[in-house]
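Visitor: I'd like to ask you about the structure that follows.
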Amino acid sequence: MPTETIKALPPRSDVPREQTWDIEALYDTPDAWSAEGDALARDLGSLSAHAGQLGTPGGLLAYLRAANDLELRLGRFMSYASMTASVDGRDAVAAARRDRAATLGAQFGSTTAFFRPELLALDDALVRGWLDTPDFAEHRVRLERILRGKPHVCSAEVEALLGAVQAPFASERGIHPALANMDLRFGTAGGETVTQGNVDRLTAHPDREVRREAWEGYADAHLAARHAQAAMYATNVRQNVFLARARNYPDTISASLSPDNIPTAVVTTLLDTYRANTPVWHRYWRVRREWLNLPELREYDVKAALVPPRAVSYEQAVQWLAEGMAPLGEDYVRDMVPGLTTERWVDYAENDGKRQGAYSNGGGRVKPYIFMTWNGTMNSYSTLAHEIGHSMHSLLSQREHGYGVPRYTLFHAEVASNFNQAMVRQHLLTQARAAGDTEFEVQIIEEALSNFHRYFFIMPTLAAFELEAYRRIEAGGTLSAPDLIDLTADLLSEGYGDGVSMDRERSGIMWAQFSTHLYANFYAYQYSTGISAAHQILEQFSADPDAARESYLRFLRSGGSLDPIDALREAGVDMLSPAPVEATFRTLEGHVARLEELLAERR
């Protein structure tokens with residue numbers, strides 16, 4: 001097969017403005033951002049004047065209002081810094097902005113370290129009495145959660161020290177992505193230089209040799225830096241273990257989940273249910289191999305298109321989203337479409353130096369920004385659908401609550417993003433089947449299975465990897481590069497079964513390719529719980545669309561006002577049971593069964 005034309009990526013300065021986000025809504029100019037940094041450096045110190053003054057309702061309210069104002073300003077400041085660094089990882093000025101923002105974030109943490117110990121030294125009944133008054137309505141949820149965590153708060157001196165170490169403890173979190181995005185070289189595939197921005201496209205290339213070159217080059221570059229990456233990750237794990245023990249948690253996963261009141265059984269139930277259902281994945285690998293007519297399926301074949309892919313424009317994707325999300329009502333669509341177009345929430349340009357991946361940023365309550373790279377494929381559409389779910393969640397919850405109410409958690413967040421993908425996908429499949437467009441139906445199923453592969457195969461694998469890595473360090477063990485590679489390869493082999501022929505070393509370095517997820521400390525599992533809850537909620541729309549719409553919109557608007565398990569329980573989903581995960585495997589199995597039917601028709 002012919003290879004694709006080599007495409008030179010433009011520098012950031014040459015990309016069309018309409019394909020970039022409206023970052024000027026945060027600060028008109030970089031100088032304005034810098035001036036705000038100077039002001040924050042001065043103003044943050046004023047919070048220390050509230051120390052010792054929290055023993056009255058007025059004193060506590062004064063601190064909360066001042067701290068919230070500065071925290072919001074700091075959030076906008078940090079958003080601008082991270083956003084400018086994301087769009088060009090080779091920009092040293094942007095990297096310096098990110099470092100300056102991190103320093104101010106650490107200053108905020110150390111300056112406010114007195115707050116929790118002083119609050120928790122007060123009589124609980126007295127404080128809870130204050131919380132029942134109207135003045136504290138906006139702050140009640142946050143303060144109640146702090147009171148709940150009382151057994152894990154240290155003295156003021158220790159809290160100040162723990163706050164001060166946040167910046168140095170974050171160093172490897174910055175070094176690992178910098179290494180991956182700036183220093184690693186992934187070679188070429190089909191004559192095109194492999195980058196973080198195009199590796200997903202090249203590993204889905206119709207030419208198997210191009211796929212192999214891209215996948216192996218990407219893995220080999222990470223393998224060449226495996227010892228440094230392993231040392232960085234092991235350091236991060238030890239730091240988190242230290243912090244968990246300093247706060248008297250039984251283990252690190254409890255320390256991570258406890259603030260959001262998530263039982264560890266949610267994670268173990270997810271992983272146990274996943275392992276019990278891996279034969280569904282084994283079945284999919286077999287039908288994929290047969291469809292592609294390959295003697296064996298290799299890992300660089302798992303993204304290969306089963307039918308000739310259709311190009312998808314950004315404008316087409318916006319139209320699909322508007323049509324697919326219509327069951328959520330006119331108001332939802334009316335807010336969403338301008339955000340994707342004229343209001344420039346999205347930075348989707350492909351440019352030299354742009355980092356890999358996608359995210360939604362709450363934007364300091366200015367705009368819910370989306371970062372991604374558009375490459376004209378169904379995967380690009382799928383990413384946009386995912387991220388706009390986050391952004392609409394931010395928009396609706398911010399409208400409902402003041403800044404004093406906590407923002408929704410990562411656990412909440414992955415429900416909204418996966419729900420959008422699932423709902424629009426259902427709409428597109430209905431359209432394709434009604435039109436008898438089998439090729440488009442297969443392409444939609446492929447988008448679904450690509451999404452499932454990431455969130456319901458890779459992410460549970462990373463979650464199991466992370467849990468085991470922490471258990472080893474907590475038991476006094478070590479995490480060398482060979483240890484981490486072998487662990488990852490073993491976990492992947494469970495999901496591949498006999499359906500995929502593995503290259504254990506190249507497969508095993510996968511952990512190093514997720515330099516943001518693993519440093520977020522027990523984050524990866526939430527993709528899998530999110531996709532599971534989303535599919536169970538979608539089933540409710542088939543039974544009673546009106547009730548399901550109101551229930552789901554309440555979930556979005558609630559933001560972080562309810563703990564995630566409680567918010568989902570009110571939406572009809574029990575994440576302590578295996579039911580959501582089993583429901584999602586049923587959906588996956590349905591897609592695989594349909595591919596088997598279509599494959600039989602082709603013979």
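By convention here, the chains of the structure tokens are called A, B, ... in the order presented, each chain's residues are numbered starting at 1, and ligands are numbered starting at 1 in the order presented.
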Which residues of region 508-555 of chain A sit at most 8 Å from region 318-337 of chain A, using only C-alpha atoms? Give each one's shortest atom pair and distance in Å (one decimal place), in chain and ascending residue order, as CSV.
Guide:
residue,atom,partner,partner_atom,distance
A:Pro545,CA,A:Pro327,CA,7.6
A:Arg549,CA,A:Leu328,CA,5.7
A:Leu553,CA,A:Leu328,CA,7.7
Visitor: Please identify every residue of region 405-470 of chain A that has at least one atom no farther than 10 Å from an atom of region 226-247 of chain A, counting only C-alpha atoms, and for each give the shortest atom pair and the distance in Å to one decimal, arranged by chain then increasing number, as a tab-separated table.
Guide:
residue	atom	partner	partner_atom	distance
A:Glu466	CA	A:Val237	CA	9.1
A:Ala469	CA	A:Val237	CA	7.8
A:Tyr470	CA	A:Val237	CA	6.5
Visitor: For N, CA and C atoms, I'd like the residues from the last selection saved as a PDB file, in the first residue's frame.
Guide:
ATOM      1  N   GLU A 466      -0.739   0.036  38.871  1.00  0.00           N
ATOM      2  CA  GLU A 466      -0.511   1.041  39.912  1.00  0.00           C
ATOM      3  C   GLU A 466      -0.740   0.453  41.298  1.00  0.00           C
ATOM      4  N   ALA A 469       2.194  -1.753  42.107  1.00  0.00           N
ATOM      5  CA  ALA A 469       3.408  -0.976  42.324  1.00  0.00           C
ATOM      6  C   ALA A 469       3.423  -0.392  43.732  1.00  0.00           C
ATOM      7  N   TYR A 470       2.316   0.153  44.157  1.00  0.00           N
ATOM      8  CA  TYR A 470       2.250   0.727  45.501  1.00  0.00           C
ATOM      9  C   TYR A 470       2.350  -0.350  46.574  1.00  0.00           C
TER      10      TYR A 470
END
Visitor: Pull the strand (DSSP E) assignments for region 279-407 of chain A out of DSSP run on the backbone, and list those residues as a list in words.
Guide: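 Taking region 279-407 of chain A and keeping strand (DSSP E) only, one gets Val346, Asp347, Tyr359, Ser360, Asn361, Tyr369, Ile370 and Phe371 of chain A.
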Visitor: Output C-alpha atoms of each residue in that selection to a file, as an mmCIF file, in the first residue's frame.
Guide:
data_model
loop_
_atom_site.group_PDB
_atom_site.id
_atom_site.type_symbol
_atom_site.label_atom_id
_atom_site.label_comp_id
_atom_site.auth_asym_id
_atom_site.auth_seq_id
_atom_site.Cartn_x
_atom_site.Cartn_y
_atom_site.Cartn_z
ATOM 1 C CA VAL A 346 -11.196 24.221 21.778
ATOM 2 C CA ASP A 347 -7.554 24.233 20.702
ATOM 3 C CA TYR A 359 -7.913 17.373 28.334
ATOM 4 C CA SER A 360 -10.603 19.765 29.468
ATOM 5 C CA ASN A 361 -9.579 22.618 31.737
ATOM 6 C CA TYR A 369 -11.220 24.977 27.604
ATOM 7 C CA ILE A 370 -10.463 21.828 25.586
ATOM 8 C CA PHE A 371 -7.008 20.751 24.423
#
Visitor: Using only C-alpha atoms, determine which residues lie at most 12 Å from Ala125 (chain A), disregarding the query and same-chain residues fewer than 6 positions distant; provide the list as a CSV table (one decimal) with C-alpha atoms, in the first residue's frame.
Guide:
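Writing the result to selection_38.csv gives the following:
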chain,number,residue,atom,x,y,z
A,131,LEU,CA,-22.6,25.4,59.1
A,132,ASP,CA,-26.4,25.3,59.6
A,144,GLU,CA,-17.9,19.1,56.3
A,147,LEU,CA,-14.2,17.7,59.5
Visitor: Excluding same-chain residues fewer than 4 positions from region 445-456 of chain A, what lies within 10 Å of it counting only C-alpha atoms, as a PyMOL selection string?
Guide: chain A and resi 274+281+284+302-307+309+377-383+386+414+418+421-422+425-426+428-429+439-441+460-461+524-532+581+584-585+587-588+590-592+594-595
Visitor: Identify, on the basis of only C-alpha atoms, every residue whose closest approach to Ala189 (chain A) does not exceed 10 Å; exclude the query and any residue fewer than 6 positions from it along the same chain; express the result as a tab-separated table (two decimals) with N, CA and C atoms, in the first residue's frame.
Guide:
chain	number	residue	atom	x	y	z
A	3	THR	N	2.28	4.82	1.12
A	3	THR	CA	2.33	5.51	2.41
A	3	THR	C	1.75	6.90	2.26
A	4	GLU	N	1.43	7.50	3.38
A	4	GLU	CA	0.87	8.85	3.37
A	4	GLU	C	1.94	9.87	3.00
A	6	ILE	N	4.25	12.85	3.51
A	6	ILE	CA	4.87	13.40	4.71
A	6	ILE	C	4.36	14.82	4.94
A	199	VAL	N	1.55	9.90	16.65
A	199	VAL	CA	1.80	8.47	16.84
A	199	VAL	C	0.52	7.65	16.79
A	202	LEU	N	-0.35	7.19	13.13
A	202	LEU	CA	0.56	6.30	12.42
A	202	LEU	C	0.39	4.84	12.86
A	203	THR	N	0.05	4.62	14.11
A	203	THR	CA	-0.17	3.24	14.56
A	203	THR	C	-1.53	2.71	14.13
A	205	HIS	N	-2.29	3.31	10.80
A	205	HIS	CA	-2.07	3.46	9.35
A	205	HIS	C	-2.50	2.19	8.61
A	209	GLU	N	3.40	-2.16	7.70
A	209	GLU	CA	4.80	-1.85	7.96
A	209	GLU	C	4.93	-0.47	8.62
A	210	VAL	N	4.11	0.46	8.22
A	210	VAL	CA	4.13	1.80	8.85
A	210	VAL	C	3.67	1.68	10.31
A	211	ARG	N	2.64	0.90	10.53
A	211	ARG	CA	2.17	0.70	11.90
A	211	ARG	C	3.28	0.10	12.76
A	212	ARG	N	3.94	-0.91	12.22
A	212	ARG	CA	5.01	-1.57	12.99
A	212	ARG	C	6.13	-0.59	13.30
A	213	GLU	N	6.56	0.16	12.30
A	213	GLU	CA	7.64	1.12	12.53
A	213	GLU	C	7.26	2.15	13.59
A	214	ALA	N	6.04	2.64	13.53
A	214	ALA	CA	5.61	3.67	14.49
A	214	ALA	C	5.52	3.08	15.89
A	215	TRP	N	4.90	1.91	16.01
A	215	TRP	CA	4.72	1.31	17.34
A	215	TRP	C	6.07	0.93	17.95
A	216	GLU	N	6.92	0.30	17.16
A	216	GLU	CA	8.22	-0.13	17.69
A	216	GLU	C	9.11	1.08	17.99
A	217	GLY	N	9.10	2.09	17.11
A	217	GLY	CA	9.92	3.27	17.36
A	217	GLY	C	9.50	4.00	18.62
Visitor: Using Å and a single decimal, report how far CA of Glu350 (chain A) sits from CA of Val194 (chain A).
Guide: 13.6 Å
